[in-house]
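Presented below is the structure to which this report refers.
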Amino acid sequence: MVKYDRILIKVSGEALSAGSGIDANSLARTADTIKQVAEKTQVAVVVGGGNFWRGRTSENMDRVTADNIGMLATVMNALALGSALTACGVKNKVFSAVTVNKVLPTYVCADANKALDEGYVVVFGGGTGAPFFTTDTAAALRACEIGAKAIFCAKAVDGVYDSDPKTNPNAKKYDEITFDKAIADNLKALDVTAMSMCREYSIPVAVFSKDEPKGILRILDGEKLGTIIK
C-alpha cells in the first residue's frame, strides 16, 4: 500500500554510527533498509553529520566555520552510504551541495531528477551548501526540488510530543498534527524553516524512532507509526 511514488528519507549521522564515526554494521543495516524501500518507490536520501560534528556544540567557534565543518561531515557520510548501497546491489548516485572536486559531483537539481527517473537511489551530502541551515531544512529543500511526495525522518524519539518525553513522563504523543500547530506550539519536531517549507508545498513528514525496525517500510505499508505532520 505505497501511497507515494517518490520519497525523501532523512538519515541522521547517528543512524550510521555506534557512538561516533561510522559503524560498519549500522551502515550496512541502513543501506539494506533503503534497498528494500527502493524496491517499492523512488528514493532520495539526505544525510546528517552528527556522528562527526555538531555545529551548535562548537562553543566559541564562529557559526559559519562550525556549519562548514558540519557540511563536510555530511559529505563523508554520503560517500559511505553510497558505497554501502553499491555493496548491497543498489545503483545510486551521490551528490554534494558543497563543491568537492575529485570527490563527488556537485548537486544539480536536473541531474538528481534524471537519476531518480532512471531508477537510481540519490544521496545528497553537503546540507543546503550554505551555513545557518540544518539538514532538516536541506531535506525539505531537496524534497521540494525533486517533487518528493513525503519525507521520512527517523529521530531519537518515536514521534512528536506536546512536551519533551525525556523530562515529562506524561507527555502526549500525536498520531497526526498540522504544521501550523507544531510551529505555533514550538514542538521542535523539525526546525521551523523546514516545517514552513513543507507546509507551503504540502509535503507530509513522517517522524518515527530511528530504533524502530523497518520503520519506513511499515509506514509505507499503511501501519500507523510515529507521527505524521501534514
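Just so we're on the same page: first chain in the C-alpha cells is A, next is B, and so on; residues restart at 1 for each chain, and ligands are numbered from 1 in the order they show up.
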
Go through stretch 8-105 of chain A and collect every residue that DSSP, computed from the backbone, puts in alpha helix (DSSP H); the answer should be as a PDB file with all heavy atoms, in the first residue's frame.
```pdb
ATOM      1  N   ALA A  24      30.347  -0.081  10.698  1.00  0.00           N
ATOM      2  CA  ALA A  24      30.082  -0.900   9.510  1.00  0.00           C
ATOM      3  C   ALA A  24      28.719  -1.584   9.571  1.00  0.00           C
ATOM      4  O   ALA A  24      27.992  -1.635   8.574  1.00  0.00           O
ATOM      5  CB  ALA A  24      31.188  -1.937   9.339  1.00  0.00           C
ATOM      6  N   ASN A  25      28.345  -2.097  10.736  1.00  0.00           N
ATOM      7  CA  ASN A  25      27.063  -2.788  10.854  1.00  0.00           C
ATOM      8  C   ASN A  25      25.889  -1.828  10.721  1.00  0.00           C
ATOM      9  O   ASN A  25      24.892  -2.137  10.051  1.00  0.00           O
ATOM     10  CB  ASN A  25      26.984  -3.533  12.189  1.00  0.00           C
ATOM     11  CG  ASN A  25      27.925  -4.715  12.249  1.00  0.00           C
ATOM     12  OD1 ASN A  25      28.233  -5.326  11.232  1.00  0.00           O
ATOM     13  ND2 ASN A  25      28.401  -5.044  13.443  1.00  0.00           N
ATOM     14  N   SER A  26      25.991  -0.669  11.358  1.00  0.00           N
ATOM     15  CA  SER A  26      24.924   0.329  11.269  1.00  0.00           C
ATOM     16  C   SER A  26      24.779   0.826   9.840  1.00  0.00           C
ATOM     17  O   SER A  26      23.662   1.009   9.333  1.00  0.00           O
ATOM     18  CB  SER A  26      25.226   1.511  12.206  1.00  0.00           C
ATOM     19  OG  SER A  26      25.310   1.076  13.545  1.00  0.00           O
ATOM     20  N   LEU A  27      25.894   1.037   9.180  1.00  0.00           N
ATOM     21  CA  LEU A  27      25.885   1.496   7.789  1.00  0.00           C
ATOM     22  C   LEU A  27      25.223   0.460   6.892  1.00  0.00           C
ATOM     23  O   LEU A  27      24.354   0.790   6.072  1.00  0.00           O
ATOM     24  CB  LEU A  27      27.319   1.756   7.344  1.00  0.00           C
ATOM     25  CG  LEU A  27      27.544   2.269   5.920  1.00  0.00           C
ATOM     26  CD1 LEU A  27      26.909   3.631   5.737  1.00  0.00           C
ATOM     27  CD2 LEU A  27      29.041   2.332   5.619  1.00  0.00           C
ATOM     28  N   ALA A  28      25.605  -0.806   7.050  1.00  0.00           N
ATOM     29  CA  ALA A  28      25.034  -1.872   6.222  1.00  0.00           C
ATOM     30  C   ALA A  28      23.537  -2.028   6.480  1.00  0.00           C
ATOM     31  O   ALA A  28      22.754  -2.252   5.546  1.00  0.00           O
ATOM     32  CB  ALA A  28      25.759  -3.182   6.500  1.00  0.00           C
ATOM     33  N   ARG A  29      23.138  -1.913   7.748  1.00  0.00           N
ATOM     34  CA  ARG A  29      21.721  -2.035   8.096  1.00  0.00           C
ATOM     35  C   ARG A  29      20.899  -0.915   7.451  1.00  0.00           C
ATOM     36  O   ARG A  29      19.816  -1.145   6.913  1.00  0.00           O
ATOM     37  CB  ARG A  29      21.572  -2.021   9.620  1.00  0.00           C
ATOM     38  CG  ARG A  29      20.165  -2.299  10.116  1.00  0.00           C
ATOM     39  CD  ARG A  29      20.166  -2.647  11.600  1.00  0.00           C
ATOM     40  NE  ARG A  29      20.856  -1.646  12.400  1.00  0.00           N
ATOM     41  CZ  ARG A  29      22.011  -1.863  13.039  1.00  0.00           C
ATOM     42  NH1 ARG A  29      22.603  -3.036  12.956  1.00  0.00           N
ATOM     43  NH2 ARG A  29      22.562  -0.912  13.777  1.00  0.00           N
ATOM     44  N   THR A  30      21.433   0.307   7.478  1.00  0.00           N
ATOM     45  CA  THR A  30      20.739   1.440   6.858  1.00  0.00           C
ATOM     46  C   THR A  30      20.632   1.244   5.355  1.00  0.00           C
ATOM     47  O   THR A  30      19.571   1.470   4.756  1.00  0.00           O
ATOM     48  CB  THR A  30      21.479   2.754   7.169  1.00  0.00           C
ATOM     49  OG1 THR A  30      21.519   2.950   8.583  1.00  0.00           O
ATOM     50  CG2 THR A  30      20.781   3.941   6.523  1.00  0.00           C
ATOM     51  N   ALA A  31      21.718   0.802   4.726  1.00  0.00           N
ATOM     52  CA  ALA A  31      21.711   0.568   3.278  1.00  0.00           C
ATOM     53  C   ALA A  31      20.703  -0.515   2.903  1.00  0.00           C
ATOM     54  O   ALA A  31      19.996  -0.401   1.896  1.00  0.00           O
ATOM     55  CB  ALA A  31      23.112   0.191   2.803  1.00  0.00           C
ATOM     56  N   ASP A  32      20.621  -1.563   3.710  1.00  0.00           N
ATOM     57  CA  ASP A  32      19.679  -2.646   3.421  1.00  0.00           C
ATOM     58  C   ASP A  32      18.237  -2.162   3.511  1.00  0.00           C
ATOM     59  O   ASP A  32      17.392  -2.537   2.688  1.00  0.00           O
ATOM     60  CB  ASP A  32      19.907  -3.810   4.391  1.00  0.00           C
ATOM     61  CG  ASP A  32      18.986  -4.986   4.095  1.00  0.00           C
ATOM     62  OD1 ASP A  32      19.117  -5.578   3.003  1.00  0.00           O
ATOM     63  OD2 ASP A  32      18.121  -5.289   4.938  1.00  0.00           O
ATOM     64  N   THR A  33      17.943  -1.316   4.499  1.00  0.00           N
ATOM     65  CA  THR A  33      16.597  -0.755   4.612  1.00  0.00           C
ATOM     66  C   THR A  33      16.261   0.082   3.389  1.00  0.00           C
ATOM     67  O   THR A  33      15.168  -0.034   2.814  1.00  0.00           O
ATOM     68  CB  THR A  33      16.475   0.103   5.885  1.00  0.00           C
ATOM     69  OG1 THR A  33      16.675  -0.717   7.032  1.00  0.00           O
ATOM     70  CG2 THR A  33      15.100   0.750   5.974  1.00  0.00           C
ATOM     71  N   ILE A  34      17.200   0.922   2.975  1.00  0.00           N
ATOM     72  CA  ILE A  34      16.971   1.760   1.797  1.00  0.00           C
ATOM     73  C   ILE A  34      16.763   0.888   0.563  1.00  0.00           C
ATOM     74  O   ILE A  34      15.915   1.183  -0.290  1.00  0.00           O
ATOM     75  CB  ILE A  34      18.141   2.740   1.597  1.00  0.00           C
ATOM     76  CG1 ILE A  34      18.164   3.758   2.747  1.00  0.00           C
ATOM     77  CG2 ILE A  34      18.031   3.467   0.253  1.00  0.00           C
ATOM     78  CD1 ILE A  34      19.400   4.633   2.777  1.00  0.00           C
ATOM     79  N   LYS A  35      17.509  -0.197   0.456  1.00  0.00           N
ATOM     80  CA  LYS A  35      17.334  -1.125  -0.671  1.00  0.00           C
ATOM     81  C   LYS A  35      15.903  -1.645  -0.725  1.00  0.00           C
ATOM     82  O   LYS A  35      15.283  -1.670  -1.796  1.00  0.00           O
ATOM     83  CB  LYS A  35      18.314  -2.290  -0.526  1.00  0.00           C
ATOM     84  CG  LYS A  35      18.159  -3.354  -1.615  1.00  0.00           C
ATOM     85  CD  LYS A  35      19.149  -4.501  -1.427  1.00  0.00           C
ATOM     86  CE  LYS A  35      19.003  -5.545  -2.530  1.00  0.00           C
ATOM     87  NZ  LYS A  35      19.977  -6.646  -2.378  1.00  0.00           N
ATOM     88  N   GLN A  36      15.374  -2.052   0.424  1.00  0.00           N
ATOM     89  CA  GLN A  36      14.010  -2.579   0.464  1.00  0.00           C
ATOM     90  C   GLN A  36      12.982  -1.506   0.116  1.00  0.00           C
ATOM     91  O   GLN A  36      11.991  -1.767  -0.568  1.00  0.00           O
ATOM     92  CB  GLN A  36      13.725  -3.170   1.838  1.00  0.00           C
ATOM     93  CG  GLN A  36      14.561  -4.406   2.153  1.00  0.00           C
ATOM     94  CD  GLN A  36      14.287  -4.931   3.547  1.00  0.00           C
ATOM     95  OE1 GLN A  36      13.169  -5.360   3.843  1.00  0.00           O
ATOM     96  NE2 GLN A  36      15.283  -4.900   4.413  1.00  0.00           N
ATOM     97  N   VAL A  37      13.217  -0.282   0.598  1.00  0.00           N
ATOM     98  CA  VAL A  37      12.306   0.815   0.279  1.00  0.00           C
ATOM     99  C   VAL A  37      12.355   1.119  -1.220  1.00  0.00           C
ATOM    100  O   VAL A  37      11.328   1.364  -1.857  1.00  0.00           O
ATOM    101  CB  VAL A  37      12.657   2.077   1.097  1.00  0.00           C
ATOM    102  CG1 VAL A  37      11.783   3.255   0.671  1.00  0.00           C
ATOM    103  CG2 VAL A  37      12.479   1.817   2.588  1.00  0.00           C
ATOM    104  N   ALA A  38      13.559   1.082  -1.805  1.00  0.00           N
ATOM    105  CA  ALA A  38      13.729   1.407  -3.221  1.00  0.00           C
ATOM    106  C   ALA A  38      13.059   0.384  -4.134  1.00  0.00           C
ATOM    107  O   ALA A  38      12.839   0.663  -5.315  1.00  0.00           O
ATOM    108  CB  ALA A  38      15.215   1.518  -3.553  1.00  0.00           C
ATOM    109  N   ARG A  63      29.926  30.730  13.779  1.00  0.00           N
ATOM    110  CA  ARG A  63      28.877  29.857  13.245  1.00  0.00           C
ATOM    111  C   ARG A  63      29.185  29.405  11.814  1.00  0.00           C
ATOM    112  O   ARG A  63      28.935  28.248  11.460  1.00  0.00           O
ATOM    113  CB  ARG A  63      27.538  30.594  13.292  1.00  0.00           C
ATOM    114  CG  ARG A  63      26.361  29.848  12.673  1.00  0.00           C
ATOM    115  CD  ARG A  63      25.976  28.603  13.454  1.00  0.00           C
ATOM    116  NE  ARG A  63      24.908  27.874  12.800  1.00  0.00           N
ATOM    117  CZ  ARG A  63      23.605  28.078  12.999  1.00  0.00           C
ATOM    118  NH1 ARG A  63      23.219  29.003  13.860  1.00  0.00           N
ATOM    119  NH2 ARG A  63      22.700  27.365  12.372  1.00  0.00           N
ATOM    120  N   VAL A  64      29.696  30.293  10.983  1.00  0.00           N
ATOM    121  CA  VAL A  64      29.953  29.920   9.591  1.00  0.00           C
ATOM    122  C   VAL A  64      30.980  28.788   9.519  1.00  0.00           C
ATOM    123  O   VAL A  64      30.782  27.793   8.816  1.00  0.00           O
ATOM    124  CB  VAL A  64      30.432  31.139   8.775  1.00  0.00           C
ATOM    125  CG1 VAL A  64      30.865  30.701   7.371  1.00  0.00           C
ATOM    126  CG2 VAL A  64      29.320  32.183   8.681  1.00  0.00           C
ATOM    127  N   THR A  65      32.062  28.918  10.262  1.00  0.00           N
ATOM    128  CA  THR A  65      33.082  27.864  10.263  1.00  0.00           C
ATOM    129  C   THR A  65      32.516  26.558  10.804  1.00  0.00           C
ATOM    130  O   THR A  65      32.733  25.479  10.232  1.00  0.00           O
ATOM    131  CB  THR A  65      34.296  28.298  11.098  1.00  0.00           C
ATOM    132  OG1 THR A  65      34.853  29.482  10.537  1.00  0.00           O
ATOM    133  CG2 THR A  65      35.361  27.202  11.122  1.00  0.00           C
ATOM    134  N   ALA A  66      31.784  26.646  11.903  1.00  0.00           N
ATOM    135  CA  ALA A  66      31.201  25.443  12.502  1.00  0.00           C
ATOM    136  C   ALA A  66      30.260  24.743  11.534  1.00  0.00           C
ATOM    137  O   ALA A  66      30.283  23.509  11.392  1.00  0.00           O
ATOM    138  CB  ALA A  66      30.466  25.804  13.792  1.00  0.00           C
ATOM    139  N   ASP A  67      29.431  25.518  10.842  1.00  0.00           N
ATOM    140  CA  ASP A  67      28.491  24.922   9.901  1.00  0.00           C
ATOM    141  C   ASP A  67      29.205  24.348   8.678  1.00  0.00           C
ATOM    142  O   ASP A  67      28.779  23.327   8.121  1.00  0.00           O
ATOM    143  CB  ASP A  67      27.446  25.949   9.468  1.00  0.00           C
ATOM    144  CG  ASP A  67      26.394  26.203  10.538  1.00  0.00           C
ATOM    145  OD1 ASP A  67      26.472  25.562  11.608  1.00  0.00           O
ATOM    146  OD2 ASP A  67      25.498  27.031  10.315  1.00  0.00           O
ATOM    147  N   ASN A  68      30.271  24.994   8.250  1.00  0.00           N
ATOM    148  CA  ASN A  68      31.042  24.446   7.131  1.00  0.00           C
ATOM    149  C   ASN A  68      31.638  23.085   7.483  1.00  0.00           C
ATOM    150  O   ASN A  68      31.649  22.156   6.661  1.00  0.00           O
ATOM    151  CB  ASN A  68      32.152  25.414   6.718  1.00  0.00           C
ATOM    152  CG  ASN A  68      31.634  26.594   5.924  1.00  0.00           C
ATOM    153  OD1 ASN A  68      30.560  26.522   5.314  1.00  0.00           O
ATOM    154  ND2 ASN A  68      32.381  27.684   5.914  1.00  0.00           N
ATOM    155  N   ILE A  69      32.140  22.956   8.700  1.00  0.00           N
ATOM    156  CA  ILE A  69      32.653  21.660   9.145  1.00  0.00           C
ATOM    157  C   ILE A  69      31.529  20.627   9.147  1.00  0.00           C
ATOM    158  O   ILE A  69      31.708  19.479   8.710  1.00  0.00           O
ATOM    159  CB  ILE A  69      33.289  21.776  10.545  1.00  0.00           C
ATOM    160  CG1 ILE A  69      34.519  22.681  10.499  1.00  0.00           C
ATOM    161  CG2 ILE A  69      33.673  20.393  11.084  1.00  0.00           C
ATOM    162  CD1 ILE A  69      35.079  23.025  11.875  1.00  0.00           C
ATOM    163  N   GLY A  70      30.356  21.034   9.613  1.00  0.00           N
ATOM    164  CA  GLY A  70      29.215  20.129   9.633  1.00  0.00           C
ATOM    165  C   GLY A  70      28.812  19.662   8.245  1.00  0.00           C
ATOM    166  O   GLY A  70      28.489  18.484   8.039  1.00  0.00           O
ATOM    167  N   MET A  71      28.850  20.559   7.280  1.00  0.00           N
ATOM    168  CA  MET A  71      28.506  20.169   5.911  1.00  0.00           C
ATOM    169  C   MET A  71      29.499  19.161   5.358  1.00  0.00           C
ATOM    170  O   MET A  71      29.124  18.207   4.663  1.00  0.00           O
ATOM    171  CB  MET A  71      28.425  21.409   5.018  1.00  0.00           C
ATOM    172  CG  MET A  71      27.174  22.236   5.266  1.00  0.00           C
ATOM    173  SD  MET A  71      26.956  23.599   4.105  1.00  0.00           S
ATOM    174  CE  MET A  71      28.089  24.818   4.766  1.00  0.00           C
ATOM    175  N   LEU A  72      30.775  19.338   5.670  1.00  0.00           N
ATOM    176  CA  LEU A  72      31.778  18.364   5.233  1.00  0.00           C
ATOM    177  C   LEU A  72      31.576  17.013   5.919  1.00  0.00           C
ATOM    178  O   LEU A  72      31.815  15.959   5.315  1.00  0.00           O
ATOM    179  CB  LEU A  72      33.182  18.902   5.507  1.00  0.00           C
ATOM    180  CG  LEU A  72      33.582  20.113   4.653  1.00  0.00           C
ATOM    181  CD1 LEU A  72      34.934  20.654   5.108  1.00  0.00           C
ATOM    182  CD2 LEU A  72      33.619  19.755   3.170  1.00  0.00           C
ATOM    183  N   ALA A  73      31.104  17.037   7.155  1.00  0.00           N
ATOM    184  CA  ALA A  73      30.786  15.783   7.850  1.00  0.00           C
ATOM    185  C   ALA A  73      29.698  15.015   7.095  1.00  0.00           C
ATOM    186  O   ALA A  73      29.766  13.795   6.946  1.00  0.00           O
ATOM    187  CB  ALA A  73      30.349  16.063   9.284  1.00  0.00           C
ATOM    188  N   THR A  74      28.698  15.736   6.589  1.00  0.00           N
ATOM    189  CA  THR A  74      27.632  15.045   5.847  1.00  0.00           C
ATOM    190  C   THR A  74      28.139  14.502   4.518  1.00  0.00           C
ATOM    191  O   THR A  74      27.624  13.497   4.016  1.00  0.00           O
ATOM    192  CB  THR A  74      26.418  15.963   5.594  1.00  0.00           C
ATOM    193  OG1 THR A  74      26.744  16.957   4.613  1.00  0.00           O
ATOM    194  CG2 THR A  74      25.952  16.641   6.871  1.00  0.00           C
ATOM    195  N   VAL A  75      29.135  15.154   3.933  1.00  0.00           N
ATOM    196  CA  VAL A  75      29.732  14.629   2.697  1.00  0.00           C
ATOM    197  C   VAL A  75      30.394  13.280   2.965  1.00  0.00           C
ATOM    198  O   VAL A  75      30.259  12.329   2.186  1.00  0.00           O
ATOM    199  CB  VAL A  75      30.748  15.632   2.114  1.00  0.00           C
ATOM    200  CG1 VAL A  75      31.547  14.994   0.970  1.00  0.00           C
ATOM    201  CG2 VAL A  75      30.037  16.882   1.616  1.00  0.00           C
ATOM    202  N   MET A  76      31.106  13.165   4.088  1.00  0.00           N
ATOM    203  CA  MET A  76      31.723  11.882   4.441  1.00  0.00           C
ATOM    204  C   MET A  76      30.665  10.798   4.595  1.00  0.00           C
ATOM    205  O   MET A  76      30.824   9.672   4.093  1.00  0.00           O
ATOM    206  CB  MET A  76      32.546  12.040   5.723  1.00  0.00           C
ATOM    207  CG  MET A  76      33.780  12.893   5.573  1.00  0.00           C
ATOM    208  SD  MET A  76      34.913  12.824   6.991  1.00  0.00           S
ATOM    209  CE  MET A  76      33.986  13.746   8.213  1.00  0.00           C
ATOM    210  N   ASN A  77      29.579  11.125   5.281  1.00  0.00           N
ATOM    211  CA  ASN A  77      28.515  10.136   5.461  1.00  0.00           C
ATOM    212  C   ASN A  77      27.851   9.765   4.139  1.00  0.00           C
ATOM    213  O   ASN A  77      27.494   8.600   3.910  1.00  0.00           O
ATOM    214  CB  ASN A  77      27.464  10.675   6.435  1.00  0.00           C
ATOM    215  CG  ASN A  77      27.909  10.583   7.876  1.00  0.00           C
ATOM    216  OD1 ASN A  77      28.760   9.770   8.221  1.00  0.00           O
ATOM    217  ND2 ASN A  77      27.338  11.421   8.728  1.00  0.00           N
ATOM    218  N   ALA A  78      27.683  10.740   3.252  1.00  0.00           N
ATOM    219  CA  ALA A  78      27.073  10.460   1.948  1.00  0.00           C
ATOM    220  C   ALA A  78      27.947   9.508   1.132  1.00  0.00           C
ATOM    221  O   ALA A  78      27.449   8.577   0.490  1.00  0.00           O
ATOM    222  CB  ALA A  78      26.846  11.769   1.189  1.00  0.00           C
ATOM    223  N   LEU A  79      29.249   9.731   1.165  1.00  0.00           N
ATOM    224  CA  LEU A  79      30.178   8.831   0.472  1.00  0.00           C
ATOM    225  C   LEU A  79      30.070   7.413   1.030  1.00  0.00           C
ATOM    226  O   LEU A  79      30.021   6.429   0.281  1.00  0.00           O
ATOM    227  CB  LEU A  79      31.607   9.335   0.629  1.00  0.00           C
ATOM    228  CG  LEU A  79      32.045  10.482  -0.286  1.00  0.00           C
ATOM    229  CD1 LEU A  79      33.341  11.095   0.234  1.00  0.00           C
ATOM    230  CD2 LEU A  79      32.223   9.984  -1.711  1.00  0.00           C
ATOM    231  N   ALA A  80      30.034   7.306   2.353  1.00  0.00           N
ATOM    232  CA  ALA A  80      29.963   5.992   2.989  1.00  0.00           C
ATOM    233  C   ALA A  80      28.660   5.292   2.641  1.00  0.00           C
ATOM    234  O   ALA A  80      28.644   4.087   2.329  1.00  0.00           O
ATOM    235  CB  ALA A  80      30.109   6.135   4.502  1.00  0.00           C
ATOM    236  N   LEU A  81      27.553   6.024   2.676  1.00  0.00           N
ATOM    237  CA  LEU A  81      26.263   5.415   2.375  1.00  0.00           C
ATOM    238  C   LEU A  81      26.192   4.989   0.914  1.00  0.00           C
ATOM    239  O   LEU A  81      25.687   3.903   0.599  1.00  0.00           O
ATOM    240  CB  LEU A  81      25.128   6.390   2.706  1.00  0.00           C
ATOM    241  CG  LEU A  81      23.713   5.857   2.498  1.00  0.00           C
ATOM    242  CD1 LEU A  81      23.473   4.580   3.299  1.00  0.00           C
ATOM    243  CD2 LEU A  81      22.685   6.921   2.875  1.00  0.00           C
ATOM    244  N   GLY A  82      26.719   5.801   0.006  1.00  0.00           N
ATOM    245  CA  GLY A  82      26.746   5.410  -1.401  1.00  0.00           C
ATOM    246  C   GLY A  82      27.527   4.130  -1.613  1.00  0.00           C
ATOM    247  O   GLY A  82      27.111   3.233  -2.365  1.00  0.00           O
ATOM    248  N   SER A  83      28.671   4.013  -0.932  1.00  0.00           N
ATOM    249  CA  SER A  83      29.476   2.807  -1.030  1.00  0.00           C
ATOM    250  C   SER A  83      28.729   1.587  -0.493  1.00  0.00           C
ATOM    251  O   SER A  83      28.762   0.501  -1.092  1.00  0.00           O
ATOM    252  CB  SER A  83      30.788   2.997  -0.262  1.00  0.00           C
ATOM    253  OG  SER A  83      31.573   1.827  -0.272  1.00  0.00           O
ATOM    254  N   ALA A  84      28.031   1.768   0.630  1.00  0.00           N
ATOM    255  CA  ALA A  84      27.277   0.659   1.224  1.00  0.00           C
ATOM    256  C   ALA A  84      26.117   0.240   0.326  1.00  0.00           C
ATOM    257  O   ALA A  84      25.802  -0.953   0.208  1.00  0.00           O
ATOM    258  CB  ALA A  84      26.758   1.052   2.610  1.00  0.00           C
ATOM    259  N   LEU A  85      25.461   1.195  -0.318  1.00  0.00           N
ATOM    260  CA  LEU A  85      24.376   0.867  -1.241  1.00  0.00           C
ATOM    261  C   LEU A  85      24.911   0.076  -2.435  1.00  0.00           C
ATOM    262  O   LEU A  85      24.308  -0.913  -2.867  1.00  0.00           O
ATOM    263  CB  LEU A  85      23.682   2.145  -1.715  1.00  0.00           C
ATOM    264  CG  LEU A  85      22.797   2.840  -0.681  1.00  0.00           C
ATOM    265  CD1 LEU A  85      22.417   4.240  -1.152  1.00  0.00           C
ATOM    266  CD2 LEU A  85      21.538   2.022  -0.381  1.00  0.00           C
ATOM    267  N   THR A  86      26.049   0.487  -2.960  1.00  0.00           N
ATOM    268  CA  THR A  86      26.669  -0.244  -4.067  1.00  0.00           C
ATOM    269  C   THR A  86      26.996  -1.676  -3.652  1.00  0.00           C
ATOM    270  O   THR A  86      26.763  -2.633  -4.405  1.00  0.00           O
ATOM    271  CB  THR A  86      27.955   0.471  -4.530  1.00  0.00           C
ATOM    272  OG1 THR A  86      27.618   1.788  -4.996  1.00  0.00           O
ATOM    273  CG2 THR A  86      28.647  -0.300  -5.640  1.00  0.00           C
ATOM    274  N   ALA A  87      27.498  -1.822  -2.427  1.00  0.00           N
ATOM    275  CA  ALA A  87      27.881  -3.147  -1.932  1.00  0.00           C
ATOM    276  C   ALA A  87      26.687  -4.088  -1.827  1.00  0.00           C
ATOM    277  O   ALA A  87      26.840  -5.308  -1.960  1.00  0.00           O
ATOM    278  CB  ALA A  87      28.567  -3.015  -0.573  1.00  0.00           C
TER     279      ALA A  87
END
```

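Each of A:Pro213, A:Pro105, A:Gly119, A:Gly55 was compared to A:Pro131 using only C-alpha atoms, and A:Gly55 turns out to be the nearest.
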
**Study point:** Long-range neighbours of stretch 157-160 of chain A as number ranges by chain, 12 Å cut-off, only C-alpha atoms, 6 positions minimum in chain
**Key:** A: 166, 171-179, 181-183, 185-190, 205-213, 215, 224-229

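A straight line drawn from atom CA of A:Lys10 to atom CA of A:Ala138 is 9.2 Å long.
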
Exercise for review: Compare A:Ile216, A:Val121, A:Gly127, A:Ala115 by their minimum atom-to-atom distance to A:Ala97, counting only C-alpha atoms, and give me the closest one.
Suggested key: A:Gly127

Review point. With distances taken over only C-alpha atoms, which of A:Leu220, A:Ile7, A:Cys88, A:Val98 is nearest to A:Ala44?
Key: A:Ile7

**Study point:** Test item: residues at most 9 Å from A:Arg142, only C-alpha atoms, excluding those fewer than 6 positions along its chain, as a ChimeraX atom specification
**Key:** /A:8,44,46,109,124,128,148

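Interatomic distance, atom CA of A:Ala140 to atom CA of A:Glu223: 23.4 Å.
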
Review point. When DSSP works through the backbone of this structure, what residues of stretch 45-207 of chain A end up as strand (DSSP E or B), shown as a VMD selection string?
Key: chain A and resid 45 to 47 92 to 96 106 121 to 125 150 to 155 160 to 161 173 to 174 176 to 177 205 to 207

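Closest to A:Ile219 among A:Cys153, A:Pro165, A:Ala112, A:Arg199 is A:Cys153, based on only C-alpha atoms.
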